[in-house]
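K.L.:
Here it is: the structure, laid out below.
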Amino acid sequence: MHRRSLLAGAALALTAIAASPAVAQQRVQIEFWHGLTQPLGGMLEQIAADFNASQDRFQVNASFRGSYPETMAAAIAAFRAGTAPHIVQMFEVGTGTMMAAGRAIKPVHELLAETGVSIDFSDYLPAVRGYYSLGDGRMMSMPFNSSTAIMFYNKEHFRRAGLDPEKAPATWPELRAVAQKLRAAGLACPFTTAWPTWTQIEQFSAIHNLPLATLDNGFGGLGAELRVNNPTLVRHINTLVEMGREGTFRWGGRDGAGDALFASGECSIIHASSGARARFVRELPGGLANLGVAMLPFYPDVEGAPLNSIIGGASFWAMNRGPNAPRSADELRAVAEFFRYISRPEVALKWHKDTGFLPVRLAAFEAAKAEGFYTQNPGADIPIQQLLRGGGQMTGNSRGIRLGGFVEIRVIMQEEIERALQGQQTAQAAMDNAVQRGNVVLRNFERANRGG
Amino acid sequence: MRKRVIFKNQALPYLLLAPQIAITAVFFFWPAGQAVWQSLLREDAFGLNVEFVGLENFADVLSDPFYLNAVRNTVVFSVSVTALSMSVALGLAVLADRQIRAATVYKTLLIWPYAIAPAVAAVLWLFIFHPSFGLFSQALRGLGIPWDYKLNGTHAMILVVLASAWKQVSYNFIFFLAGLQSIPKSVIEAAAIDGAGETRRFWTIVFPLLSPTTFFLLVVNLVYAFFDTFGVIHALTQGGPGKATETLIYKVYADGVQNLNFGASSAQSVILMAAVILLTMVQFRYVERKVHY
């Protein structure tokens with residue numbers, strides 16, 4: 001009796017052991033690496049958790065892998081080792097590199113065709129769709145968190161300088177005049193910028209319909225050459241150098257470092273990512289009531305300006321496991337289903353309202369409008385309006401940027417501008433150097449990706 | 001008459017050496033060999049197109065003006081860090097070697113910074129020198145000096161040197177203190193009886209007798225400044241502004257990890273490896289001869 005019950009118990013335990021992995025295996029496991037810090041990272045992981053709860057066939061495991069460039073480097077290293085994640089979040093600067101990555105990636109249009117899952121990309125904002133698709137409109141990656149650069153200003157500072165807090169400078173001459181008044185009123189840092197090359201070179205070029213590079217900023221092929229030493233852009237960099245000298249512009253540092261100068265209430269005007277809105281509302285002294293939002297300024301004497309600005313942020317790329325290891329049909333299906341889930345208007349809408357990133361779908365934008373979100377949160381629709389500025393007709397210069405090695409080119413441009421602001425070289429020399437050094441990067445990339 | 005011990009067992013010494021050799025092979029020879037191999041290739045980031053280019057990567061690196069700039073920065077940086085951290089540590093060690101009240105407390109406090117991670121050390125210095133909220137930069141601005149390490153290359157270099165040297169002072173301090181304590185008191189007392197003043201005693205007796213320690217620390221500090229300061233530079237300046245604080249090791253990181261240019265990055269690593277091997281050989285062969293033991 002005793003022995004039998006032991007045996008029965010053992011048999012039961014055995015079946016339990018045999019059964020439990022079977023239960024787990026029913027779900028297809030999908031690795032998803034992202035590069036968003038808190039609180040955004042937690043919100044993104046919540047979306048993955050919601051997806052897992054919404055069905056019982058697929059399991060998306062979202063994990064944070066460091067900043068965008070770190071996530072990119074980690075995914076590439078993992079691919080070389082044959083352990084790439086199924087999905088990786090890649091910032092927009094890495095788009096050119098990913099598009100040229102051949103069998104490392106699974107283009108979204110192929111993924112959807114092979115799995116029979118459909119996503120309505122015609123409802124996506126044109127600027128978002130254009131950035132992540134081929135010239136013929138086929139989607140390469142899955143758009144998710146998109147932002148654009150806009151202008152924020154401190155209303156209290158405007159009042160202190162005797163300026164109308166509801167009227168933001170619309171043009172660069174106006175911005176400089178406002179900055180001088182702020183300076184005269186004793187404000188230490190009238191104007192700064194975050195993501196200096198993104199706001200002052202990339203967005204600037206799109207808004208003024210200037211080519212950043214030939215071949216439609218690289219959309220036309222790997223042979224593109226930089227064109228950032230054109231007279232209008234050089235004049236603008238020179239304006240920044242002059243403003244730096246007269247004390248109306250402060251270099252806030254590379255990448256996102258400038259955000260802190262505005263959030264702390266030190267600087268009066270900043271050009272920053274629309275995704276910084278949540279932080280400014282929380283940290284800026286005076287909060288939402290003190291936060292002015294406006295579109296990026298332009299030079300009125302430049303023909304065709306202002307056009308639409310371009311997007312930043314990141315998209316999701318489906319990756320193969322390694323150089324000779326494609327995905328199974330189940331895995332592809334799981335990735336496609338996850339992409340369809342995040343394309344749902346209600347998911348896009350919640351992400352937009354929670355974070356300040358763009359509502360990537362027009363349906364989400366309309367829903368936010370209908371809810372009265374923009375009347376409760378004045379200025380939250382400025383990024384979308386700015387993306388649609390110029391009548392929504394994008395030119396080859398305002399569609400986006402698709403240059404290989406663009407992470408490196410951005411660093412080069414930042415370095416050259418820093419040297420110009422230090423007074424070590426003129427604005428013209430800075431931009432000439434940036435073109436010369438950037439073209440070396442582009443040629444190396446072209447050569448490496450043509451195998452000869 | 002020297003006593004010679006001969007082990008009968010031929011395999012045992014190799015067996016005893018095996019763990020060390022295995023670790024060296026896995027963590028040094030294998031990656032170093034890979035670096036040499038990759039330095040001869042040119043490939044895309046994903047390793048899908050690989051092309052053998054011979055020594056082209058080396059030619060490109062050596063003709064790159066920014067590489068020479070990095071060499072210059074590295075020399076300035078390493079010499080400054082080594083000189084600063086060793087002189088400060090020696091001064092502190094001499095002071096701590098005296099009979100003073102609560103000497104243990106001072107010693108503990110001085111050794112403390114060594115336990116701090118480079119990135120944390122960088123953040124601590126950031127709080128002092130940050131252009132907007134740093135205490136020191138506000139004081140400097142009060143004096144009319146526009147301190148801004150984000151735009152001024154000299155300021156940036158001073159900052160990374162200070163932060164790196166500060167971290168190394170503790171390490172040097174321990175060794176100098178131990179070195180000072182091992183100098184026989186009788187020699188110093190004899191010199192004092194002969195009428196040598198304190199300064200003279202230090203330079204003619206203590207300093208020469210410390211030279212083995214000094215030499216050892218010189219090597220260690222140079223290697224530290226070359227290779228171990230990545231964290232400080234990364235956290236403080238990222239090699240900027242311009243390329244004012246980009247050292248050789250930082251450039252290897254920037255080209256390899258940020259720019260995904262593995263060929264150029266590997267070529268630089270190989271050059272760096274050759275330089276370090278050469279430097280160590282020269283140091284042990286020539287400099288050591290002049291050191292009194």
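For the structure tokens, the naming scheme is as follows: chains receive sequential letters (A, B, ...) according to their order of presentation, residues are indexed from 1 within each chain, and ligands are indexed from 1 in presentation order.
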With a cut-off of 9 Å and counting only C-alpha atoms, select all residues of chain B in contact with chain A and give the selection as a PDB file with C-alpha atoms, in the first residue's frame.
P.N.:
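What ended up in selection.pdb:
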ATOM      1  CA  ARG B  42      36.752  45.175 -44.173  1.00  0.00           C
ATOM      2  CA  GLU B  43      33.163  44.199 -43.501  1.00  0.00           C
ATOM      3  CA  ASP B  44      29.705  45.617 -42.960  1.00  0.00           C
ATOM      4  CA  ALA B  45      28.285  45.801 -39.454  1.00  0.00           C
ATOM      5  CA  PHE B  46      26.464  42.483 -39.696  1.00  0.00           C
ATOM      6  CA  GLY B  47      29.419  40.569 -41.079  1.00  0.00           C
ATOM      7  CA  LEU B  48      27.573  39.602 -44.271  1.00  0.00           C
ATOM      8  CA  ASN B  49      30.053  41.114 -46.726  1.00  0.00           C
ATOM      9  CA  VAL B  50      33.623  40.397 -45.794  1.00  0.00           C
ATOM     10  CA  GLU B  51      36.561  41.488 -47.869  1.00  0.00           C
ATOM     11  CA  SER B 132      25.085  74.884 -14.974  1.00  0.00           C
ATOM     12  CA  LYS B 150      31.304  71.238 -22.941  1.00  0.00           C
ATOM     13  CA  LEU B 151      32.711  73.767 -25.392  1.00  0.00           C
ATOM     14  CA  ASN B 152      36.264  74.431 -24.237  1.00  0.00           C
ATOM     15  CA  GLY B 153      38.677  71.623 -25.053  1.00  0.00           C
ATOM     16  CA  GLY B 240      34.500  65.952 -26.953  1.00  0.00           C
ATOM     17  CA  PRO B 241      34.220  68.813 -27.404  1.00  0.00           C
ATOM     18  CA  GLY B 242      35.409  68.460 -30.954  1.00  0.00           C
ATOM     19  CA  LYS B 243      37.849  65.654 -30.367  1.00  0.00           C
ATOM     20  CA  ALA B 254      33.994  55.037 -30.875  1.00  0.00           C
ATOM     21  CA  ASP B 255      35.046  53.462 -34.167  1.00  0.00           C
ATOM     22  CA  VAL B 257      31.067  50.124 -31.028  1.00  0.00           C
ATOM     23  CA  GLN B 258      29.477  53.422 -32.084  1.00  0.00           C
ATOM     24  CA  ASN B 259      30.501  53.551 -35.735  1.00  0.00           C
ATOM     25  CA  LEU B 260      30.530  49.773 -36.249  1.00  0.00           C
ATOM     26  CA  ASN B 261      33.731  50.029 -38.264  1.00  0.00           C
TER      27      ASN B 261
END
K.L.:
Env of Pro211 (chain A): 9 Å cut, atoms = only C-alpha atoms, seq-sep filter 5 positions within chain, self excluded. Answer as an NGL selection string.
P.N.:
:A and (205-206 or 216-217 or 226-228 or 230 or 396-398)
K.L.:
Write a file of the just-selected residues containing C-alpha atoms, as a short mmCIF file (atom, residue, chain, number, x, y, z; two decimals), in the first residue's frame.
P.N.:
data_model
loop_
_atom_site.label_atom_id
_atom_site.label_comp_id
_atom_site.auth_asym_id
_atom_site.auth_seq_id
_atom_site.Cartn_x
_atom_site.Cartn_y
_atom_site.Cartn_z
CA SER A 205 17.16 71.23 -43.97
CA ALA A 206 13.77 69.58 -44.34
CA ASP A 216 16.95 62.48 -51.97
CA ASN A 217 18.93 62.30 -48.71
CA LEU A 226 26.45 65.15 -48.04
CA ARG A 227 25.34 68.66 -48.97
CA VAL A 228 25.32 70.38 -45.59
CA ASN A 230 25.11 74.96 -48.66
CA GLY A 396 12.92 64.53 -51.62
CA ASN A 397 14.46 66.83 -49.02
CA SER A 398 11.67 66.58 -46.46
#
K.L.:
Would you list the contacts of region 43-56 of chain A as a list in words, taking every protein, DNA or RNA residue within 8 Å and counting only C-alpha atoms, but skipping same-chain residues closer than 2 positions in sequence?
P.N.:
Arg27, Pro39, Leu40, Gly41, Phe58, Gln59, Val60, Asn61, Ala62, Ser63, Phe338, Tyr341, Ile342, Val347 and Trp351 of chain A
K.L.:
Keeping C-alpha atoms, export the residues of the selection given above as a compact mmCIF listing (two decimals), in the first residue's frame.
P.N.:
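Wrote again-v3.txt, looks like this:
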# COMPACT_ATOMS: atom_id res chain seq x y z
CA ARG A 27 3.36 29.62 -26.61
CA PRO A 39 9.20 55.64 -17.48
CA LEU A 40 8.83 55.05 -21.24
CA GLY A 41 10.41 51.59 -21.10
CA PHE A 58 2.49 33.90 -28.48
CA GLN A 59 4.65 35.30 -25.71
CA VAL A 60 6.65 38.50 -26.29
CA ASN A 61 9.50 38.93 -23.79
CA ALA A 62 10.47 42.60 -23.78
CA SER A 63 13.81 43.54 -22.25
CA PHE A 338 2.56 41.54 -32.31
CA TYR A 341 -1.45 44.49 -32.13
CA ILE A 342 0.68 47.62 -31.75
CA VAL A 347 -2.84 51.18 -28.63
CA TRP A 351 0.88 55.60 -26.23
K.L.:
Find the spatial neighbours of region 109-122 of chain B, counting only C-alpha atoms, within a cut-off of 10 Å - ignore same-chain residues fewer than 6 positions away - and output them as a ChimeraX atom specification.
P.N.:
/B:89,92-93,96,159-160,162-164,166-174,228-237
K.L.:
Limited to N, CA and C atoms, could you put the picked residues into a file as a PDB file, in the first residue's frame?
P.N.:
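New file selection25.pdb:
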ATOM      1  N   ALA B  89      49.958  61.728  -4.385  1.00  0.00           N
ATOM      2  CA  ALA B  89      49.971  60.562  -3.503  1.00  0.00           C
ATOM      3  C   ALA B  89      51.242  60.529  -2.657  1.00  0.00           C
ATOM      4  N   LEU B  92      50.963  63.109   0.111  1.00  0.00           N
ATOM      5  CA  LEU B  92      50.052  62.652   1.158  1.00  0.00           C
ATOM      6  C   LEU B  92      50.673  61.523   1.971  1.00  0.00           C
ATOM      7  N   ALA B  93      51.397  60.626   1.292  1.00  0.00           N
ATOM      8  CA  ALA B  93      51.997  59.492   1.996  1.00  0.00           C
ATOM      9  C   ALA B  93      53.051  59.980   2.975  1.00  0.00           C
ATOM     10  N   ALA B  96      51.233  61.361   5.901  1.00  0.00           N
ATOM     11  CA  ALA B  96      50.554  60.342   6.707  1.00  0.00           C
ATOM     12  C   ALA B  96      51.546  59.432   7.429  1.00  0.00           C
ATOM     13  N   LEU B 159      39.402  68.585 -16.766  1.00  0.00           N
ATOM     14  CA  LEU B 159      38.399  67.856 -15.992  1.00  0.00           C
ATOM     15  C   LEU B 159      38.648  66.345 -16.003  1.00  0.00           C
ATOM     16  N   VAL B 160      38.888  65.771 -17.200  1.00  0.00           N
ATOM     17  CA  VAL B 160      39.087  64.307 -17.235  1.00  0.00           C
ATOM     18  C   VAL B 160      40.399  63.930 -16.550  1.00  0.00           C
ATOM     19  N   LEU B 162      41.747  65.532 -13.951  1.00  0.00           N
ATOM     20  CA  LEU B 162      41.477  65.617 -12.506  1.00  0.00           C
ATOM     21  C   LEU B 162      40.722  64.390 -12.019  1.00  0.00           C
ATOM     22  N   ALA B 163      39.648  64.053 -12.731  1.00  0.00           N
ATOM     23  CA  ALA B 163      38.808  62.936 -12.285  1.00  0.00           C
ATOM     24  C   ALA B 163      39.588  61.619 -12.327  1.00  0.00           C
ATOM     25  N   SER B 164      40.385  61.424 -13.380  1.00  0.00           N
ATOM     26  CA  SER B 164      41.134  60.169 -13.489  1.00  0.00           C
ATOM     27  C   SER B 164      42.253  60.099 -12.458  1.00  0.00           C
ATOM     28  N   TRP B 166      42.449  61.665  -9.568  1.00  0.00           N
ATOM     29  CA  TRP B 166      41.889  61.569  -8.213  1.00  0.00           C
ATOM     30  C   TRP B 166      41.650  60.114  -7.831  1.00  0.00           C
ATOM     31  N   LYS B 167      41.098  59.361  -8.799  1.00  0.00           N
ATOM     32  CA  LYS B 167      40.796  57.962  -8.529  1.00  0.00           C
ATOM     33  C   LYS B 167      42.056  57.148  -8.279  1.00  0.00           C
ATOM     34  N   GLN B 168      43.170  57.548  -8.867  1.00  0.00           N
ATOM     35  CA  GLN B 168      44.382  56.758  -8.793  1.00  0.00           C
ATOM     36  C   GLN B 168      45.242  57.130  -7.587  1.00  0.00           C
ATOM     37  N   VAL B 169      44.954  58.293  -6.994  1.00  0.00           N
ATOM     38  CA  VAL B 169      45.759  58.753  -5.860  1.00  0.00           C
ATOM     39  C   VAL B 169      45.767  57.716  -4.741  1.00  0.00           C
ATOM     40  N   SER B 170      44.597  57.139  -4.456  1.00  0.00           N
ATOM     41  CA  SER B 170      44.500  56.180  -3.351  1.00  0.00           C
ATOM     42  C   SER B 170      45.444  55.006  -3.535  1.00  0.00           C
ATOM     43  N   TYR B 171      45.418  54.462  -4.743  1.00  0.00           N
ATOM     44  CA  TYR B 171      46.244  53.306  -5.056  1.00  0.00           C
ATOM     45  C   TYR B 171      47.717  53.651  -4.853  1.00  0.00           C
ATOM     46  N   ASN B 172      48.126  54.783  -5.419  1.00  0.00           N
ATOM     47  CA  ASN B 172      49.517  55.205  -5.286  1.00  0.00           C
ATOM     48  C   ASN B 172      49.872  55.454  -3.823  1.00  0.00           C
ATOM     49  N   PHE B 173      48.917  56.015  -3.103  1.00  0.00           N
ATOM     50  CA  PHE B 173      49.124  56.340  -1.698  1.00  0.00           C
ATOM     51  C   PHE B 173      49.478  55.089  -0.895  1.00  0.00           C
ATOM     52  N   ILE B 174      48.726  54.012  -1.112  1.00  0.00           N
ATOM     53  CA  ILE B 174      48.982  52.777  -0.367  1.00  0.00           C
ATOM     54  C   ILE B 174      50.410  52.305  -0.599  1.00  0.00           C
ATOM     55  N   ASP B 228      42.381  52.243 -18.520  1.00  0.00           N
ATOM     56  CA  ASP B 228      41.350  52.127 -17.493  1.00  0.00           C
ATOM     57  C   ASP B 228      40.517  53.378 -17.331  1.00  0.00           C
ATOM     58  N   THR B 229      40.793  54.402 -18.134  1.00  0.00           N
ATOM     59  CA  THR B 229      40.116  55.677 -17.939  1.00  0.00           C
ATOM     60  C   THR B 229      38.957  55.841 -18.893  1.00  0.00           C
ATOM     61  N   PHE B 230      38.643  54.790 -19.619  1.00  0.00           N
ATOM     62  CA  PHE B 230      37.537  54.870 -20.574  1.00  0.00           C
ATOM     63  C   PHE B 230      36.241  55.328 -19.892  1.00  0.00           C
ATOM     64  N   GLY B 231      35.948  54.725 -18.735  1.00  0.00           N
ATOM     65  CA  GLY B 231      34.701  55.035 -18.042  1.00  0.00           C
ATOM     66  C   GLY B 231      34.575  56.512 -17.699  1.00  0.00           C
ATOM     67  N   VAL B 232      35.667  57.086 -17.230  1.00  0.00           N
ATOM     68  CA  VAL B 232      35.645  58.499 -16.840  1.00  0.00           C
ATOM     69  C   VAL B 232      35.377  59.378 -18.067  1.00  0.00           C
ATOM     70  N   ILE B 233      36.108  59.113 -19.148  1.00  0.00           N
ATOM     71  CA  ILE B 233      35.955  59.936 -20.346  1.00  0.00           C
ATOM     72  C   ILE B 233      34.559  59.749 -20.942  1.00  0.00           C
ATOM     73  N   HIS B 234      34.103  58.512 -20.938  1.00  0.00           N
ATOM     74  CA  HIS B 234      32.792  58.239 -21.517  1.00  0.00           C
ATOM     75  C   HIS B 234      31.697  58.969 -20.754  1.00  0.00           C
ATOM     76  N   ALA B 235      31.806  58.962 -19.441  1.00  0.00           N
ATOM     77  CA  ALA B 235      30.749  59.575 -18.631  1.00  0.00           C
ATOM     78  C   ALA B 235      30.842  61.101 -18.649  1.00  0.00           C
ATOM     79  N   LEU B 236      32.041  61.655 -18.793  1.00  0.00           N
ATOM     80  CA  LEU B 236      32.177  63.111 -18.691  1.00  0.00           C
ATOM     81  C   LEU B 236      32.072  63.818 -20.033  1.00  0.00           C
ATOM     82  N   THR B 237      32.845  63.403 -21.018  1.00  0.00           N
ATOM     83  CA  THR B 237      32.930  64.212 -22.242  1.00  0.00           C
ATOM     84  C   THR B 237      32.631  63.450 -23.530  1.00  0.00           C
TER      85      THR B 237
END
K.L.:
I'd like to know which of A:Leu112, A:Ile207, A:Ala294, A:Ile269 is closest to Gly379 (chain A), using only C-alpha atoms.
P.N.:
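Smallest distance to Gly379 (chain A) is found for A:Ala294.
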K.L.:
Restricting the calculation to only C-alpha atoms, which member of B:Phe129, B:Phe77, B:Phe175, B:Phe28 is positioned closest to Val220 (chain B)?
P.N.:
B:Phe175
K.L.:
Near region 62-68 of chain B, counting only C-alpha atoms, which residues have an atom at most 12 Å away, once you skip same-chain residues fewer than 3 positions from it, shown as JSON, numbers by chain?
P.N.:
{"A": [412, 415, 437, 440], "B": [55, 56, 57, 58, 59, 71, 72, 73, 74, 75, 239, 242, 243, 244, 245, 246, 247, 248, 249, 250, 251, 252, 254, 255, 264, 265, 267, 268, 271, 272]}
K.L.:
Suppose you want the space between CA of Ala83 (chain B) and CA of Phe216 (chain B); what is it in Å?
P.N.:
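So the answer is 13.7 Å.
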K.L.:
For region 210-215 of chain B, please output as a ChimeraX atom specification all residues within 12 Å (counting only C-alpha atoms; exclusion window: fewer than 3 positions along the same chain).
P.N.:
/B:82-83,85-87,89-90,93-94,171-184,202-207,218-222,280,283-284,286-293
K.L.:
Looking only at strand (DSSP E or B) from DSSP on the backbone, list the matching residues of region 18-228 of chain B as number ranges by chain.
P.N.:
B: 41-43, 50-52
K.L.:
Near Arg389 (chain A), within 8 Å and counting only C-alpha atoms, which residues show up once chain neighbours fewer than 5 positions away are dropped, as a list in words?
P.N.:
Pro306, Leu307, Asn308 and Ser309 of chain A
K.L.:
Provide the CA of Ser273 (chain A) to CA of Glu31 (chain A) distance in Å, to one decimal place.
P.N.:
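Computing it gives 28.3 Å between the two atoms.
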K.L.:
Can you pull out every residue from region 31-246 of chain B that DSSP, working from the backbone, puts in helix (DSSP H, G or I), and format the result as a compact mmCIF listing (two decimals) with C-alpha atoms, in the first residue's frame?
P.N.:
# COMPACT_ATOMS: atom_id res chain seq x y z
CA PRO B 31 40.60 37.79 -28.64
CA ALA B 32 43.97 39.24 -29.57
CA GLY B 33 44.22 36.80 -32.45
CA GLN B 34 40.72 37.74 -33.55
CA ALA B 35 41.63 41.42 -33.43
CA VAL B 36 44.64 40.78 -35.64
CA TRP B 37 42.51 38.83 -38.11
CA GLN B 38 39.71 41.44 -38.15
CA GLU B 56 44.70 48.87 -45.87
CA ASN B 57 43.03 49.46 -42.49
CA PHE B 58 46.42 50.23 -40.95
CA ALA B 59 47.28 52.63 -43.77
CA ASP B 60 43.92 54.38 -43.30
CA VAL B 61 44.30 54.65 -39.53
CA LEU B 62 47.85 55.94 -39.64
CA PRO B 65 44.71 63.16 -38.81
CA PHE B 66 42.29 62.35 -35.99
CA TYR B 67 44.34 59.32 -35.07
CA LEU B 68 47.38 61.54 -34.61
CA ASN B 69 45.18 63.87 -32.60
CA ALA B 70 44.22 60.92 -30.39
CA VAL B 71 47.90 60.02 -29.96
CA ARG B 72 48.63 63.58 -28.86
CA ASN B 73 45.69 63.59 -26.46
CA THR B 74 46.78 60.26 -25.01
CA VAL B 75 50.31 61.50 -24.35
CA VAL B 76 49.10 64.72 -22.71
CA PHE B 77 46.46 62.84 -20.75
CA SER B 78 48.64 59.94 -19.55
CA VAL B 79 51.60 62.08 -18.54
CA SER B 80 49.33 64.53 -16.70
CA VAL B 81 47.37 61.83 -14.90
CA THR B 82 50.51 59.93 -13.91
CA ALA B 83 52.44 63.00 -12.77
CA LEU B 84 49.50 64.47 -10.89
CA SER B 85 48.32 61.31 -9.15
CA MET B 86 51.83 60.19 -8.18
CA SER B 87 53.03 63.53 -6.87
CA VAL B 88 49.87 64.12 -4.84
CA ALA B 89 49.97 60.56 -3.50
CA LEU B 90 53.64 60.88 -2.53
CA GLY B 91 52.97 64.15 -0.73
CA LEU B 92 50.05 62.65 1.16
CA ALA B 93 52.00 59.49 2.00
CA VAL B 94 54.87 61.52 3.45
CA LEU B 95 52.40 63.47 5.56
CA ALA B 96 50.55 60.34 6.71
CA ALA B 103 46.40 58.49 11.40
CA THR B 104 44.24 55.43 10.62
CA VAL B 105 41.24 57.65 9.89
CA TYR B 106 43.20 59.72 7.38
CA LYS B 107 44.63 56.62 5.77
CA THR B 108 41.22 55.01 5.44
CA LEU B 109 39.71 58.14 3.93
CA LEU B 110 42.57 58.45 1.47
CA ILE B 111 42.24 54.84 0.34
CA TRP B 112 38.47 55.08 -0.01
CA PRO B 113 38.21 56.58 -3.52
CA TYR B 114 39.90 53.52 -4.97
CA ALA B 115 36.77 51.51 -4.31
CA PRO B 118 35.09 55.12 -12.72
CA ALA B 119 31.63 56.15 -13.88
CA VAL B 120 30.61 57.06 -10.33
CA ALA B 121 33.80 59.06 -9.89
CA ALA B 122 32.94 60.89 -13.11
CA VAL B 123 29.48 61.76 -11.84
CA LEU B 124 30.93 63.07 -8.57
CA TRP B 125 33.21 65.39 -10.54
CA LEU B 126 30.31 66.37 -12.72
CA PHE B 127 28.53 67.75 -9.68
CA ILE B 128 31.52 69.95 -8.99
CA PHE B 129 32.35 71.08 -12.51
CA LEU B 135 29.67 74.41 -7.40
CA PHE B 136 33.19 74.97 -8.70
CA SER B 137 32.04 76.33 -12.07
CA GLN B 138 29.70 78.76 -10.33
CA ALA B 139 32.59 79.95 -8.20
CA LEU B 140 34.79 80.31 -11.27
CA ARG B 141 32.12 82.27 -13.06
CA GLY B 142 31.92 84.51 -10.01
CA GLY B 153 38.68 71.62 -25.05
CA THR B 154 41.28 72.69 -22.49
CA HIS B 155 38.68 72.77 -19.72
CA ALA B 156 37.46 69.33 -20.78
CA MET B 157 41.00 67.91 -20.68
CA ILE B 158 41.62 69.42 -17.22
CA LEU B 159 38.40 67.86 -15.99
CA VAL B 160 39.09 64.31 -17.24
CA VAL B 161 42.68 64.50 -15.95
CA LEU B 162 41.48 65.62 -12.51
CA ALA B 163 38.81 62.94 -12.28
CA SER B 164 41.13 60.17 -13.49
CA ALA B 165 44.07 61.23 -11.32
CA TRP B 166 41.89 61.57 -8.21
CA LYS B 167 40.80 57.96 -8.53
CA GLN B 168 44.38 56.76 -8.79
CA VAL B 169 45.76 58.75 -5.86
CA SER B 170 44.50 56.18 -3.35
CA TYR B 171 46.24 53.31 -5.06
CA ASN B 172 49.52 55.21 -5.29
CA PHE B 173 49.12 56.34 -1.70
CA ILE B 174 48.98 52.78 -0.37
CA PHE B 175 52.15 51.78 -2.19
CA PHE B 176 54.06 54.92 -1.29
CA LEU B 177 53.08 54.57 2.34
CA ALA B 178 54.22 50.94 2.39
CA GLY B 179 57.44 51.98 0.66
CA LEU B 180 58.07 54.75 3.18
CA GLN B 181 57.46 52.45 6.11
CA LYS B 185 64.75 54.49 10.30
CA SER B 186 68.43 54.10 11.19
CA VAL B 187 69.56 55.50 7.81
CA ILE B 188 67.39 58.56 8.17
CA GLU B 189 68.44 59.11 11.77
CA ALA B 190 72.12 58.80 10.82
CA ALA B 191 71.65 61.47 8.17
CA ALA B 192 69.85 63.68 10.68
CA ILE B 193 72.77 63.36 13.12
CA GLU B 198 64.37 67.43 6.23
CA THR B 199 64.27 68.38 2.55
CA ARG B 200 67.77 67.09 1.96
CA ARG B 201 66.98 63.84 3.78
CA PHE B 202 63.94 63.35 1.59
CA TRP B 203 65.67 63.90 -1.75
CA THR B 204 68.95 62.10 -1.00
CA ILE B 205 67.69 59.17 1.06
CA VAL B 206 63.93 58.63 1.01
CA PHE B 207 63.27 59.36 -2.65
CA PRO B 208 66.08 57.12 -4.03
CA LEU B 209 65.11 54.32 -1.68
CA SER B 211 62.54 54.28 -6.50
CA PRO B 212 61.43 50.63 -6.89
CA THR B 213 57.96 51.67 -5.72
CA THR B 214 58.03 54.75 -7.93
CA PHE B 215 59.05 52.72 -10.93
CA PHE B 216 56.37 50.14 -10.32
CA LEU B 217 53.75 52.85 -9.91
CA LEU B 218 54.95 54.61 -13.05
CA VAL B 219 54.22 51.51 -15.12
CA VAL B 220 50.91 50.84 -13.41
CA ASN B 221 49.76 54.45 -13.72
CA LEU B 222 50.65 54.72 -17.37
CA VAL B 223 48.78 51.52 -18.09
CA TYR B 224 45.86 52.84 -16.02
CA ALA B 225 45.79 56.12 -17.92
CA PHE B 226 45.98 54.27 -21.21
CA PHE B 227 43.33 51.65 -20.66
CA ASP B 228 41.35 52.13 -17.49
CA PHE B 230 37.54 54.87 -20.57
CA GLY B 231 34.70 55.03 -18.04
CA VAL B 232 35.64 58.50 -16.84
CA ILE B 233 35.96 59.94 -20.35
CA HIS B 234 32.79 58.24 -21.52
CA ALA B 235 30.75 59.58 -18.63
CA LEU B 236 32.18 63.11 -18.69
K.L.:
Point out the residue among A:Ala213, A:Gly94, A:Val302, A:Phe373 with the least atom-to-atom distance to Val435 (chain A), counting only C-alpha atoms.
P.N.:
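Going through A:Ala213, A:Gly94, A:Val302, A:Phe373 one by one, the smallest distance to Val435 (chain A) is for A:Ala213.
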